[in-house]
Each structure stands twice: as C-alpha cells, then as structure tokens.
Amino acid sequence: MKTTKNILKQADFSKEDLLYLLGLKGDERLLLLQKSAEVKKLTVGKKVYFRGLIEYSNKCKKDCYYCGVRASNSQPRRYEIAEEEVLSAAKFAYENKFASLVIQSGERSDEAFVSKIEHLLREIKTLSNNDLGITLSCGEQSTKTYERWKEAGAHRYLLRIETSNRELYSKLHPRNSLHDYNKRIKALKRLRETGYQVGTGVMIGLPFQTLEHLADDLLFFKELDIDMAGMGPFIEHQETPLFQYKDRLLSLKERFELSLNMVALLRLVMPDINIAATTALQAIDEQGREKALKVGANIIMPNLTPIKYREDYLLYKDKPCIDEEAEECQNCLVARIHMAGDEIGYGEWGDSLHYKQRQKQLIIKP
Ligand code: SAM
Ligand code: SF4
C-alpha cells in the first residue's frame, strides 16, 4: 500500500496521488508541507521577489460571477489611475529596488485602453532606464495587442484559467462569447507564442468545485508548461451572483488550508516555476502570505495602488491592506518575509527558472 512518505518521494504524481495529497489532514499533511518547503529551498532557493502591484483600472466589460468589479455591479466608482500616479508608483518601486511591477486591470480591448497601457509601459521603461520588469494582468486580448504590449516593455503575463474544468468554468461565467473557456485557453497559448513568461492559476474553494477538479488543475498547469502561478482562495462578494451559494462553501479556514496544499503540491509538481503568495490568502489568515512562502511560494506583490482607488477594487470581501500606504505595506512585508525565514531579492527581476530553462533548450535544439 502507498504511504504519504512513499508518494512524496516520487518525482511524478498521478491524479490519484494528487487527490490523496490534497486531502491530507493533521500530521500527514505536515509531511507534505515539509517536503514542499525542502523542494523550494533546493530549487528556487530562499529568495522572495517583489512585484509592486498597480490595480490600474476597475472598468471591465466582463461579468464574471465571482468578481466584485464585474460590469453589472453598480457599487464601485469606476476609475482609471491617472498617468502621473501610475508613474509615481513605478518610481517608488524603482527607488525601493522592487525590480518589477504588475499592472492589473479590469478587461477592456478598446483602442483607447490598449494604447494607454502601451504608453504607460514605455513611460515606465524610460523612467527606470529599462530596469523595471513588467508583468501584465489585463485579461484576454488579440495577438496584435499582446505583441504591442510586449514590444512596449512587458515580458510576463498572468491570465488565470480560474478553473481548468470546462463545466465548472461555465457555472462561474455567463454563457456567451465574452466568457468562453476555449477562448481563454487560446489566449494563454497566444501569450506563449508571443514570447511572454506565462502565468496562470485558479481559485480554490469555489462553489461546485471538488478535489478532483483541483488535482486536474495541477495536471493542467503541468501540461501547459506554465512559468508562473498565482492561486488563492475564492472569497465570496455580496454583490455577485455566486454569493447565493455562500452556505455551501467550505469554511474560510478549510479554503485557506486547501490553498496552502495547492501551493505546496504545485511546488512539487513544477519545482522551478515562480509561485505567488497571493493577497487573498491574507484576507483569511493574517499570516497567510508568510505561510504560503514557507510551503513553496517565492513571489510577493506589495500593493502600490494609490489608497484613494483601493476601495473600488474590492474583488472580494475583507480584502486586506486597503488603507496602507506603499511604504507601510513594504515595511510590513519585509518583516513578514523575514519571519518566514526567507530573504528579499532586491533589485533582481527573479524571472522564472522554468522559463529560462526552456529558453536554453530552444537554443540548444537546432
Ligand atoms: N481582469 C483580469 C482577469 O480577469 O484576468 C485581471 C484582473 S482580475 C480582478 C484578477 C483575478 O482576481 C482573477 O483572475 C480572479 O481569479 C481573482 N478574483 C476575482 N474575484 C475573486 C474572488 N471573489 N475571490 C478570489 N479571487 C477573485
Ligand atoms: Fe473583470 Fe477580471 Fe473581474 Fe472578470 S475577474 S469581472 S474580467 S476584473
């Protein structure tokens, strides 16, 4: 009979192994978390890289059933951060040796939005002497748009699949061409073809989601050969359609623990990718991000969005750090990272080792 210790010695995991490990509790679960912490040290090491997060705009043409900034929610005041404010956040990141930014936004594909992002990318590159690395997370776009943004200076892109299960995906989104599972997959493939380091991820603890879905998500990441991942617990938002299922969800504690199991398992399944310790973890547990760093994550995203916009970017309830200035946020994170026994890769892009490895192989292959 297979034991937890034996399964953890393997280099490859079947779906059954993943299902078994995802469901571990108590001391057996600790074996998984210890193993992933060891693998993290041996592969990506103890360095944690900063990606200063700018939540550029909450204007969104989509209506995802889980998200607080969905188009049909009339509560948030719709904003776009003024150019000077974006550049001043970028300057803060540059001067504080964050080395990288993430520009995240509601999804739009009109020319005004596409060219604004393109312009901001060029301005950020100029103000930082090309030093700041930039990750984008602005949803599904055409190949042309992905190329324009790459040309202007972005080199990583995060587009969560949200769930790799087609049927579950259709329960989380309106059934129309704007929210089409196949299109999301195609967008991920286009990002790879355009030359980005590609990140994806899922929400954990969604209504109707099973452990089997999550095991499949891990296999999906492997199959897609992703470079980076951002995963976190689903947290219900009162003004969204999924709120009606709030009584059927796992408890917040269970969602949190399952999210840590997912981070730990992903570190075992894809040892050399970058994994973010996401903000949603901290919404449930004050030390959520440190805990994720301990079991395998190596990226953290200090929020640099000017405070006056943060209340209008509430994707879920109890989003943390909505009233902390960038500097306070940074100080608090530095302490948290040290508490987790890690160190900060100041001034380093901290690109995905997995990506670098793939690039090397492409060069060697004729
Ligand atoms: N609009 C872009 C997109 O959807 O790819 C990027 C911004 S979107 C707000 C970033 C991520 O927030 C989504 O991929 C989703 O996983 C996460 N998110 C939205 N609502 C959430 C919720 N209620 N709980 C946890 N995460 C949520
Ligand atoms: Fe818009 Fe992204 Fe929220 Fe969906 S998850 S409603 S695309 S911001």
# chains A, B, ... in the order shown; residues from 1 in each chain; ligands from 1
$ closest_atom_pairs --of "region 230-254 of chain A" --to "region 272-287 of chain A" --cutoff "7 Å" --atoms "only C-alpha atoms" --output "CSV"
residue,atom,partner,partner_atom,distance
A:Gly230,CA,A:Ala276,CA,5.0
A:Met231,CA,A:Thr278,CA,6.7
A:Gly232,CA,A:Ala280,CA,5.7
A:Pro233,CA,A:Ala280,CA,6.1
A:Leu252,CA,A:Ile284,CA,6.5
$ residues_around --residues "Leu21 (chain A)" --least-positions-apart "3" --cutoff "8 Å" --atoms "only C-alpha atoms" --output "PDB file with N, CA, C and O atoms, in the first residue's frame"
ATOM      1  N   THR A   4       1.993   8.131   2.588  1.00  0.00           N
ATOM      2  CA  THR A   4       2.286   9.534   2.259  1.00  0.00           C
ATOM      3  C   THR A   4       3.786   9.696   2.000  1.00  0.00           C
ATOM      4  O   THR A   4       4.205  10.312   1.012  1.00  0.00           O
ATOM      5  N   ASP A  17      -2.495  10.192  -6.908  1.00  0.00           N
ATOM      6  CA  ASP A  17      -1.552  10.691  -5.884  1.00  0.00           C
ATOM      7  C   ASP A  17      -1.935  12.110  -5.459  1.00  0.00           C
ATOM      8  O   ASP A  17      -1.954  12.442  -4.275  1.00  0.00           O
ATOM      9  N   LEU A  18      -2.249  12.941  -6.454  1.00  0.00           N
ATOM     10  CA  LEU A  18      -2.555  14.348  -6.156  1.00  0.00           C
ATOM     11  C   LEU A  18      -3.831  14.456  -5.325  1.00  0.00           C
ATOM     12  O   LEU A  18      -3.891  15.216  -4.355  1.00  0.00           O
ATOM     13  N   LEU A  24      -4.974  15.503   2.493  1.00  0.00           N
ATOM     14  CA  LEU A  24      -4.304  15.154   3.763  1.00  0.00           C
ATOM     15  C   LEU A  24      -4.699  16.094   4.895  1.00  0.00           C
ATOM     16  O   LEU A  24      -4.916  17.284   4.692  1.00  0.00           O
ATOM     17  N   ARG A  29      -0.497  15.743   6.697  1.00  0.00           N
ATOM     18  CA  ARG A  29      -0.464  16.960   5.881  1.00  0.00           C
ATOM     19  C   ARG A  29       0.849  17.711   6.119  1.00  0.00           C
ATOM     20  O   ARG A  29       1.456  18.263   5.198  1.00  0.00           O
ATOM     21  N   LEU A  32       3.609  16.724   3.860  1.00  0.00           N
ATOM     22  CA  LEU A  32       3.542  17.369   2.534  1.00  0.00           C
ATOM     23  C   LEU A  32       4.151  18.777   2.605  1.00  0.00           C
ATOM     24  O   LEU A  32       4.987  19.147   1.769  1.00  0.00           O
ATOM     25  N   ASN A 261      -2.236  23.720   0.553  1.00  0.00           N
ATOM     26  CA  ASN A 261      -1.933  22.402  -0.028  1.00  0.00           C
ATOM     27  C   ASN A 261      -1.676  22.522  -1.529  1.00  0.00           C
ATOM     28  O   ASN A 261      -0.778  21.870  -2.073  1.00  0.00           O
ATOM     29  N   LEU A 265       1.708  21.517  -3.327  1.00  0.00           N
ATOM     30  CA  LEU A 265       1.723  20.481  -4.367  1.00  0.00           C
ATOM     31  C   LEU A 265       2.261  21.009  -5.682  1.00  0.00           C
ATOM     32  O   LEU A 265       2.985  20.319  -6.392  1.00  0.00           O
TER      33      LEU A 265
END
$ closest_residue --among "A:Arg160, A:His119, A:Arg175, A:Lys308" --to "ligand 2" --atoms "only C-alpha atoms and all ligand atoms"
A:Arg160
$ residues_near_ligand --ligand "ligand 2" --cutoff "9 Å" --atoms "only C-alpha atoms and all ligand atoms" --output "PyMOL selection string"
chain A and resi 57-72+104-108+137-140+160+162+173+179+313+315
$ select_by_dssp --residues "region 53-100 of chain A" --states "strand (DSSP E or B)" --output "list in words"
Leu53, Ile54, Glu55, Tyr56, Ser57, Glu80 and Ser100 of chain A
$ residues_around --residues "Ile54 (chain A)" --least-positions-apart "4" --cutoff "7 Å" --atoms "only C-alpha atoms" --output "PyMOL selection string"
chain A and resi 102-104+303-305
$ decode --residues "region 243-332 of chain A" --atoms "C-alpha atoms" --output "compact mmCIF listing (two decimals), in the first residue's frame"
# COMPACT_ATOMS: atom_id res chain seq x y z
CA PHE A 243 -22.87 34.85 -3.21
CA GLN A 244 -26.11 32.83 -3.25
CA TYR A 245 -24.01 29.69 -2.64
CA LYS A 246 -22.25 31.07 0.44
CA ASP A 247 -23.77 28.43 2.73
CA ARG A 248 -22.46 25.60 0.57
CA LEU A 249 -18.83 26.69 0.63
CA LEU A 250 -16.01 25.17 2.66
CA SER A 251 -15.28 27.22 5.77
CA LEU A 252 -12.72 30.01 5.25
CA LYS A 253 -10.21 28.01 7.30
CA GLU A 254 -10.70 24.96 5.09
CA ARG A 255 -10.36 27.06 1.92
CA PHE A 256 -7.17 28.54 3.32
CA GLU A 257 -5.66 25.15 4.18
CA LEU A 258 -6.60 23.73 0.82
CA SER A 259 -4.98 26.73 -0.86
CA LEU A 260 -1.75 26.06 1.02
CA ASN A 261 -1.93 22.40 -0.03
CA MET A 262 -2.28 23.55 -3.64
CA VAL A 263 0.76 25.83 -3.36
CA ALA A 264 2.77 23.02 -1.76
CA LEU A 265 1.72 20.48 -4.37
CA LEU A 266 2.41 22.82 -7.26
CA ARG A 267 5.94 23.33 -5.91
CA LEU A 268 6.37 19.53 -6.05
CA VAL A 269 4.76 19.13 -9.47
CA MET A 270 6.65 22.05 -11.09
CA PRO A 271 9.66 22.69 -8.82
CA ASP A 272 11.28 25.55 -10.75
CA ILE A 273 8.34 27.85 -11.56
CA ASN A 274 7.54 31.12 -9.77
CA ILE A 275 4.58 30.88 -7.40
CA ALA A 276 2.92 33.95 -5.86
CA ALA A 277 1.84 34.22 -2.24
CA THR A 278 -1.47 35.90 -3.10
CA THR A 279 -3.30 38.66 -1.23
CA ALA A 280 -6.49 36.57 -0.91
CA LEU A 281 -4.59 34.24 1.46
CA GLN A 282 -4.02 37.15 3.79
CA ALA A 283 -7.70 38.10 3.67
CA ILE A 284 -8.39 34.86 5.55
CA ASP A 285 -5.31 34.49 7.72
CA GLU A 286 -3.27 37.44 8.96
CA GLN A 287 -0.12 35.44 8.24
CA GLY A 288 -1.45 33.88 5.07
CA ARG A 289 1.28 35.07 2.76
CA GLU A 290 4.14 34.06 5.09
CA LYS A 291 2.58 30.63 5.40
CA ALA A 292 2.47 30.33 1.60
CA LEU A 293 6.13 31.43 1.37
CA LYS A 294 7.05 28.73 3.86
CA VAL A 295 5.46 25.95 1.84
CA GLY A 296 6.61 26.91 -1.62
CA ALA A 297 5.69 30.40 -2.87
CA ASN A 298 8.54 32.76 -3.86
CA ILE A 299 6.83 35.91 -5.20
CA ILE A 300 5.04 38.63 -3.28
CA MET A 301 3.07 41.56 -4.65
CA PRO A 302 3.13 44.66 -2.40
CA ASN A 303 0.18 46.85 -3.30
CA LEU A 304 1.25 50.20 -4.80
CA THR A 305 -2.23 51.30 -5.88
CA PRO A 306 -2.87 54.81 -4.50
CA ILE A 307 -5.14 54.44 -1.47
CA LYS A 308 -7.98 56.52 -2.88
CA TYR A 309 -8.67 53.85 -5.53
CA ARG A 310 -8.39 50.75 -3.37
CA GLU A 311 -11.94 50.72 -2.04
CA ASP A 312 -13.16 50.49 -5.60
CA TYR A 313 -11.03 47.45 -6.41
CA LEU A 314 -12.66 45.10 -3.95
CA LEU A 315 -12.73 41.78 -5.76
CA TYR A 316 -13.98 40.03 -2.60
CA LYS A 317 -14.95 40.90 0.95
CA ASP A 318 -12.34 41.83 3.60
CA LYS A 319 -9.59 42.49 1.05
CA PRO A 320 -6.56 43.36 3.20
CA CYS A 321 -4.26 46.42 3.12
CA ILE A 322 -6.81 48.82 1.64
CA ASP A 323 -5.61 51.66 3.83
CA GLU A 324 -1.86 51.12 3.89
CA GLU A 325 0.45 53.47 2.02
CA ALA A 326 3.03 51.81 -0.23
CA GLU A 327 5.77 52.42 2.32
CA GLU A 328 3.87 50.91 5.24
CA CYS A 329 2.89 48.00 3.06
CA GLN A 330 6.53 47.46 2.14
CA ASN A 331 7.74 47.60 5.76
CA CYS A 332 5.10 45.12 6.82
